[in-house]
>>> print(open('model-v4.cif').read())   # mmCIF, C-alpha atoms and all ligand atoms
data_model
#
loop_
_atom_site.label_atom_id
_atom_site.label_comp_id
_atom_site.auth_asym_id
_atom_site.auth_seq_id
_atom_site.Cartn_x
_atom_site.Cartn_y
_atom_site.Cartn_z
CA MET A 1 17.06 -0.31 7.55
CA LYS A 2 16.37 -3.35 9.71
CA THR A 3 14.09 -5.92 8.12
CA VAL A 4 12.32 -8.85 9.68
CA ASN A 5 11.60 -12.05 7.77
CA ILE A 6 7.91 -12.87 8.01
CA LEU A 7 6.93 -16.01 6.06
CA GLY A 8 9.61 -15.16 3.51
CA ALA A 9 8.85 -11.46 3.21
CA PRO A 10 11.39 -8.83 4.32
CA VAL A 11 9.29 -6.43 6.38
CA ALA A 12 10.91 -3.18 7.52
CA SER A 13 10.96 -2.65 11.25
CA VAL A 14 9.98 1.01 11.02
CA THR A 15 7.50 3.47 12.44
CA LEU A 16 5.27 5.54 10.20
CA ASP A 17 7.65 8.49 10.62
CA GLU A 18 10.67 6.42 9.70
CA ALA A 19 8.90 4.99 6.65
CA ALA A 20 8.07 8.54 5.55
CA GLN A 21 11.70 9.60 6.04
CA LEU A 22 12.88 6.74 3.87
CA VAL A 23 10.42 7.65 1.14
CA ASN A 24 11.59 11.25 1.42
CA TRP A 25 15.08 10.05 0.67
CA PHE A 26 13.80 7.89 -2.23
CA VAL A 27 12.23 10.97 -3.79
CA LYS A 28 15.41 13.00 -3.38
CA GLU A 29 17.49 10.20 -4.84
CA GLY A 30 15.15 9.83 -7.80
CA ARG A 31 15.78 6.23 -8.88
CA PRO A 32 12.48 4.31 -9.37
CA ARG A 33 11.47 2.45 -6.24
CA GLN A 34 8.46 0.44 -5.16
CA VAL A 35 6.89 0.63 -1.71
CA VAL A 36 4.59 -2.21 -0.61
CA THR A 37 2.38 -2.01 2.45
CA LEU A 38 2.01 -5.72 3.11
CA ASN A 39 -1.17 -7.18 4.55
CA PRO A 40 -1.83 -10.77 5.70
CA GLU A 41 -4.05 -11.58 2.71
CA TYR A 42 -1.27 -10.68 0.31
CA LEU A 43 1.40 -12.52 2.29
CA TYR A 44 -0.78 -15.61 2.54
CA ARG A 45 -1.27 -15.71 -1.23
CA ALA A 46 2.42 -15.04 -1.76
CA GLN A 47 3.19 -18.38 -0.09
CA VAL A 48 1.90 -20.13 -3.20
CA GLU A 49 2.06 -17.40 -5.85
CA ARG A 50 5.69 -16.93 -6.71
CA GLN A 51 5.14 -13.65 -8.56
CA LEU A 52 3.67 -12.01 -5.46
CA MET A 53 6.60 -13.09 -3.29
CA ASP A 54 9.09 -11.91 -5.93
CA ILE A 55 7.49 -8.46 -5.93
CA VAL A 56 7.78 -8.19 -2.16
CA ARG A 57 11.39 -9.36 -2.22
CA GLN A 58 12.30 -6.86 -4.90
CA ALA A 59 10.44 -3.96 -3.31
CA ASP A 60 12.56 -1.19 -1.80
CA LEU A 61 10.40 -0.81 1.29
CA VAL A 62 7.86 -3.26 2.68
CA THR A 63 5.83 -2.14 5.67
CA ALA A 64 3.55 -4.03 8.04
CA ASP A 65 0.05 -3.15 6.87
CA GLY A 66 -2.10 -4.35 9.72
CA VAL A 67 -1.86 -5.87 13.15
CA GLY A 68 -1.73 -9.36 11.63
CA ILE A 69 1.77 -8.67 10.29
CA VAL A 70 2.92 -6.94 13.49
CA TRP A 71 1.68 -9.97 15.46
CA ALA A 72 3.38 -12.41 13.07
CA ALA A 73 6.67 -10.59 13.60
CA ARG A 74 6.31 -10.92 17.36
CA LYS A 75 5.57 -14.63 17.05
CA ALA A 76 8.82 -14.98 15.12
CA GLY A 77 10.68 -13.30 17.96
CA HIS A 78 11.08 -9.92 16.29
CA THR A 79 9.54 -6.55 16.81
CA VAL A 80 7.96 -4.25 14.32
CA PRO A 81 7.26 -1.00 16.17
CA GLU A 82 3.85 -0.30 14.66
CA ARG A 83 1.67 -0.95 11.67
CA VAL A 84 2.25 1.29 8.68
CA THR A 85 -0.86 1.05 6.52
CA GLY A 86 -1.29 2.26 2.97
CA ILE A 87 -3.67 5.03 3.89
CA ASP A 88 -1.60 6.26 6.83
CA LEU A 89 1.57 6.37 4.75
CA LEU A 90 -0.29 8.08 1.90
CA LEU A 91 -1.61 10.78 4.26
CA ARG A 92 1.82 11.26 5.81
CA LEU A 93 3.48 11.52 2.40
CA ALA A 94 0.86 13.97 1.20
CA GLN A 95 1.95 16.19 4.10
CA GLU A 96 5.58 15.89 2.96
CA ALA A 97 4.47 16.61 -0.60
CA GLY A 98 2.88 19.84 0.65
CA VAL A 99 6.08 20.92 2.35
CA ASN A 100 8.39 19.94 -0.51
CA GLY A 101 6.16 20.79 -3.47
CA TRP A 102 6.17 17.22 -4.74
CA ARG A 103 4.12 16.18 -7.73
CA VAL A 104 1.59 13.42 -7.03
CA PHE A 105 -0.20 11.17 -9.53
CA LEU A 106 -3.25 9.17 -8.46
CA LEU A 107 -4.09 6.07 -10.48
CA GLY A 108 -7.10 3.89 -9.75
CA SER A 109 -10.62 3.64 -8.32
CA ALA A 110 -13.85 4.40 -10.15
CA PRO A 111 -13.99 7.30 -12.63
CA GLY A 112 -14.03 10.63 -10.80
CA VAL A 113 -12.70 9.28 -7.51
CA ALA A 114 -9.00 9.97 -8.12
CA GLU A 115 -9.80 13.57 -9.17
CA ALA A 116 -11.88 14.15 -6.05
CA ALA A 117 -9.20 12.56 -3.85
CA GLY A 118 -6.57 14.71 -5.53
CA ARG A 119 -8.55 17.91 -4.95
CA GLU A 120 -8.91 16.93 -1.31
CA LEU A 121 -5.15 16.40 -0.99
CA GLU A 122 -4.45 19.78 -2.61
CA ARG A 123 -6.94 21.42 -0.25
CA ARG A 124 -5.35 19.84 2.82
CA HIS A 125 -1.77 20.41 1.71
CA PRO A 126 -1.18 23.57 -0.26
CA GLY A 127 2.14 23.09 -2.01
CA LEU A 128 1.29 19.56 -3.09
CA VAL A 129 1.01 19.46 -6.87
CA LEU A 130 -1.56 17.10 -8.38
CA ALA A 131 0.38 15.99 -11.45
CA GLY A 132 -2.48 13.91 -12.85
CA THR A 133 -5.10 11.24 -12.28
CA HIS A 134 -6.51 8.23 -14.10
CA HIS A 135 -9.28 5.84 -13.10
CA GLY A 136 -8.56 2.18 -12.42
CA TYR A 137 -10.93 0.47 -14.82
CA PHE A 138 -8.79 0.24 -17.93
CA LYS A 139 -7.93 -2.87 -19.95
CA SER A 140 -4.43 -4.30 -20.04
CA GLU A 141 -4.25 -3.23 -23.72
CA GLU A 142 -4.38 0.34 -22.42
CA ASP A 143 -1.50 -0.11 -20.00
CA GLU A 144 1.03 1.55 -22.29
CA ASP A 145 -1.19 4.62 -22.74
CA VAL A 146 -1.60 4.92 -18.99
CA VAL A 147 2.16 4.53 -18.50
CA ALA A 148 2.75 7.27 -21.12
CA LYS A 149 0.28 9.59 -19.38
CA ILE A 150 2.05 9.10 -16.05
CA ARG A 151 5.51 9.61 -17.59
CA GLU A 152 4.39 12.87 -19.18
CA ALA A 153 3.02 14.10 -15.86
CA ARG A 154 6.47 13.60 -14.25
CA PRO A 155 5.25 12.82 -10.73
CA ASP A 156 7.50 12.29 -7.72
CA LEU A 157 4.97 9.94 -6.17
CA LEU A 158 2.59 7.54 -7.89
CA PHE A 159 -0.17 6.10 -5.72
CA ILE A 160 -1.92 3.12 -7.28
CA ALA A 161 -5.41 2.20 -6.08
CA LEU A 162 -6.28 -0.97 -7.97
CA GLY A 163 -6.60 -3.17 -4.88
CA ALA A 164 -4.00 -5.67 -3.70
CA PRO A 165 -2.32 -7.52 -5.33
CA LYS A 166 -3.25 -5.99 -8.71
CA GLN A 167 -1.70 -2.62 -7.79
CA GLU A 168 1.59 -4.22 -6.68
CA ILE A 169 1.74 -6.34 -9.86
CA TRP A 170 1.06 -3.30 -12.04
CA GLY A 171 3.59 -1.17 -10.20
CA ALA A 172 6.33 -3.80 -10.38
CA ARG A 173 5.66 -4.48 -14.04
CA TYR A 174 5.99 -0.87 -15.14
CA LEU A 175 8.39 0.45 -12.52
CA GLY A 176 11.27 0.65 -15.00
CA GLU A 177 9.25 2.42 -17.69
CA LEU A 178 7.39 4.86 -15.47
CA ASP A 179 10.45 6.79 -14.40
CA VAL A 180 8.79 7.79 -11.12
CA PRO A 181 10.86 7.82 -7.91
CA VAL A 182 8.20 6.25 -5.69
CA VAL A 183 5.41 3.88 -6.71
CA MET A 184 3.11 2.61 -4.00
CA GLY A 185 -0.20 0.73 -3.81
CA VAL A 186 -2.90 2.30 -1.63
CA GLY A 187 -5.96 0.00 -1.96
CA GLY A 188 -9.21 1.76 -1.17
CA SER A 189 -7.57 4.96 0.13
CA LEU A 190 -8.73 7.20 -2.72
CA ASP A 191 -12.34 6.25 -1.98
CA VAL A 192 -11.80 7.32 1.61
CA LEU A 193 -10.18 10.63 0.59
CA ALA A 194 -12.87 11.34 -1.98
CA GLY A 195 -15.49 10.66 0.67
CA THR A 196 -17.15 7.83 -1.27
CA VAL A 197 -16.25 5.38 1.51
CA ARG A 198 -15.83 6.19 5.17
CA ARG A 199 -12.78 5.02 7.08
CA ALA A 200 -13.53 2.96 10.18
CA PRO A 201 -13.85 5.13 13.33
CA VAL A 202 -10.63 6.22 15.04
CA TRP A 203 -11.48 4.31 18.23
CA THR A 204 -11.48 1.05 16.24
CA GLN A 205 -8.06 1.97 14.87
CA ARG A 206 -6.76 2.56 18.40
CA LEU A 207 -8.10 -0.77 19.61
CA HIS A 208 -6.54 -2.46 16.55
CA ILE A 209 -9.92 -3.73 15.39
CA GLU A 210 -10.21 -1.58 12.29
CA TRP A 211 -10.44 -4.82 10.30
CA LEU A 212 -13.53 -5.79 12.31
CA ALA A 213 -15.13 -2.38 11.81
CA ARG A 214 -14.46 -2.58 8.06
CA LEU A 215 -16.13 -5.97 8.05
CA VAL A 216 -19.22 -4.59 9.78
CA MET A 217 -19.33 -1.56 7.45
CA ASP A 218 -18.78 -3.65 4.32
CA PRO A 219 -19.96 -7.24 4.88
CA LYS A 220 -18.71 -8.24 1.41
CA ARG A 221 -15.24 -8.27 2.93
CA TRP A 222 -15.93 -11.40 5.00
CA ARG A 223 -14.64 -13.65 2.25
CA ARG A 224 -11.28 -11.89 2.40
CA GLN A 225 -11.16 -12.00 6.17
CA LEU A 226 -11.43 -15.79 6.03
CA VAL A 227 -7.77 -15.87 5.19
CA LEU A 228 -6.83 -14.38 8.57
CA PRO A 229 -7.24 -17.57 10.67
CA LYS A 230 -5.36 -19.51 7.99
CA PHE A 231 -2.62 -16.89 8.05
CA ALA A 232 -2.45 -17.08 11.85
CA LEU A 233 -2.17 -20.86 11.73
CA LEU A 234 0.62 -20.68 9.20
CA VAL A 235 2.52 -18.18 11.35
CA LEU A 236 2.17 -20.43 14.40
CA LEU A 237 3.25 -23.54 12.49
CA LYS A 238 6.17 -21.91 10.76
CA GLY A 239 7.08 -19.66 13.65
CA SER A 240 10.16 -21.64 14.62
CA ASN A 241 11.60 -21.46 11.09
CA LEU A 242 11.22 -17.72 11.11
CA LYS A 243 13.62 -17.01 13.93
CA ASN A 244 16.48 -15.73 11.85
N1 LIG B 1 -10.12 -0.88 -8.29
C1 LIG B 1 -9.75 -0.37 -9.51
N2 LIG B 1 -9.67 -1.21 -10.58
C2 LIG B 1 -9.92 -2.53 -10.48
C3 LIG B 1 -10.26 -3.06 -9.21
C4 LIG B 1 -10.36 -2.21 -8.14
O1 LIG B 1 -9.49 0.81 -9.64
O2 LIG B 1 -9.82 -3.23 -11.49
C5 LIG B 1 -10.19 0.03 -7.15
C6 LIG B 1 -11.52 0.07 -6.43
O3 LIG B 1 -12.39 0.97 -7.06
C7 LIG B 1 -11.10 0.54 -5.05
C8 LIG B 1 -9.70 -0.05 -4.90
O4 LIG B 1 -9.27 -0.41 -6.19
O5 LIG B 1 -11.01 1.94 -5.03
C9 LIG B 1 -9.64 -1.33 -4.08
O6 LIG B 1 -10.07 -1.12 -2.82
P1 LIG B 1 -10.02 -2.28 -1.74
O7 LIG B 1 -10.47 -1.71 -0.46
O8 LIG B 1 -10.69 -3.50 -2.27
O9 LIG B 1 -8.44 -2.57 -1.73
P2 LIG B 1 -7.56 -3.13 -0.57
O10 LIG B 1 -7.56 -2.07 0.50
O11 LIG B 1 -8.18 -4.38 -0.16
O12 LIG B 1 -6.24 -3.32 -1.24
#
>>> encode(input="model-v4.cif", output="structure tokens")
Amino acid sequence: MKTVNILGAPVASVTLDEAAQLVNWFVKEGRPRQVVTLNPEYLYRAQVERQLMDIVRQADLVTADGVGIVWAARKAGHTVPERVTGIDLLLRLAQEAGVNGWRVFLLGSAPGVAEAAGRELERRHPGLVLAGTHHGYFKSEEDEDVVAKIREARPDLLFIALGAPKQEIWGARYLGELDVPVVMGVGGSLDVLAGTVRRAPVWTQRLHIEWLARLVMDPKRWRRQLVLPKFALLVLLKGSNLKN
């Protein structure tokens, strides 16, 4: 797998299909692995938060979640064929789960959301087995109980929807104990699947302005988007160091 160094993060130069193939192999192989779909906000924070960068460096597959990362790669003289977002990879893997009869565990989002998202996945992909669900509003004292619940459910795939970077931190922390082949953060994807939040229209995805549409649909996001110009500046300043 070819990786590209973007501000210190090894991002896989893969298409959505290739990412799914790799994950397919991870599941068959069975050893616990973490998949991170990396967005600019996370990567920006990782410049100063060592733990976040360590997680990305130790992850088994890091994909470019968003045009910001694809653009940063190009600025560094590399190519990443396309963005591979959390929700797109989740949907693609759910398809694979249907074909292969994989067990899926959904952790995160408000109470009831993971169940509804799980039912929707089962409806779309007969063959997919919903191994279990748990909401995302538990205290850290309850971590061990949640880990035990997941272990008992024996999933092939664990999707964590606690928001970035909490979901990546949680996944990395318990990866060894969970005994799940593939652990991956999916942000607000369960809300979209459950129908509690709408995904931005397809035309905005095609024009690569899904981020703008999300901002219009959910103005609270503006604070997060403020990091994008700072991220862009950093990429431009450090661009020459990135050519490796
Ligand atoms: N969430 C959660 N527990 C928390 C914080 C957030 O389960 O302590 C859920 C929240 O309900 C939502 C998701 O995590 O479903 C975060 O969605 P967001 O779109 O903010 O994540 P991003 O796509 O930015 O990673």
>>> residues_near_ligand(input="model-v4.cif", ligand="ligand LIG 1 (chain B)", cutoff="7 Å", atoms="only C-alpha atoms and all ligand atoms", output="list in words")
Gly108, Ser109, Ala110, His135, Gly136, Tyr137, Ala161, Leu162, Gly163, Ala164, Val186, Gly187, Gly188, Ser189, Leu190 and Asp191 of chain A
>>> closest_residue(input="model-v4.cif", among="A:Val4, A:Ala59, A:Ala172, A:Ala73", to="Leu236 (chain A)", atoms="all atoms listed in the file")
A:Ala73
>>> atom_distance(input="model-v4.cif", atom1="CA of Val62 (chain A)", atom2="CA of Leu228 (chain A)")
19.3 Å
>>> atom_distance(input="model-v4.cif", atom1="CA of Pro229 (chain A)", atom2="CA of Val36 (chain A)")
22.4 Å
>>> closest_residue(input="model-v4.cif", among="A:Glu177, A:Glu168, A:Asp17, A:Asp60", to="Ala148 (chain A)", atoms="only C-alpha atoms")
A:Glu177
>>> closest_residue(input="model-v4.cif", among="A:Gln34, A:Leu7, A:Ala94, A:Ala117", to="Leu237 (chain A)", atoms="all atoms listed in the file")
A:Leu7
>>> atom_distance(input="model-v4.cif", atom1="CA of Val129 (chain A)", atom2="CA of Leu158 (chain A)")
12.1 Å
>>> closest_residue(input="model-v4.cif", among="A:Arg151, A:Arg198, A:Lys238, A:Arg173", to="Gly8 (chain A)", atoms="all atoms listed in the file")
A:Lys238
>>> closest_residue(input="model-v4.cif", among="A:Leu193, A:Ile160, A:Leu233, A:Val227", to="Asn39 (chain A)", atoms="all atoms listed in the file")
A:Val227
>>> axis_aligned_box(input="model-v4.cif", around="region 13-16 of chain A", padding_each_side="8 Å", output="AutoDock Vina command-line options")
--center_x 8.1 --center_y 1.4 --center_z 11.3 --size_x 21.7 --size_y 24.2 --size_z 18.2
>>> residues_around(input="model-v4.cif", residues="Val14 (chain A)", least_positions_apart="2", cutoff="10 Å", atoms="all atoms listed in the file", output="list in words")
Met1, Lys2, Thr3, Val11, Ala12, Leu16, Asp17, Glu18, Ala19, Ala20, Leu22, Leu61, Val62, Thr63, Ala64, Thr79, Val80, Pro81, Glu82, Arg83 and Val84 of chain A
>>> closest_residue(input="model-v4.cif", among="A:Leu107, A:Leu89, A:Val27, A:Leu215", to="Thr15 (chain A)", atoms="only C-alpha atoms")
A:Leu89
>>> residues_near_point(input="model-v4.cif", point="(4.6, 7.5, -8.1)", cutoff="12 Å", atoms="only C-alpha atoms", output="VMD selection string")
chain A and resid 23 26 to 27 30 to 35 90 93 to 94 97 102 to 107 130 to 133 147 150 to 151 153 to 161 167 171 to 172 174 to 186
>>> residues_around(input="model-v4.cif", residues="Trp211 (chain A)", least_positions_apart="6", cutoff="9 Å", atoms="all atoms listed in the file", output="list in words")
Gly66, Ala200, Thr204, Gln205 and Gln225 of chain A
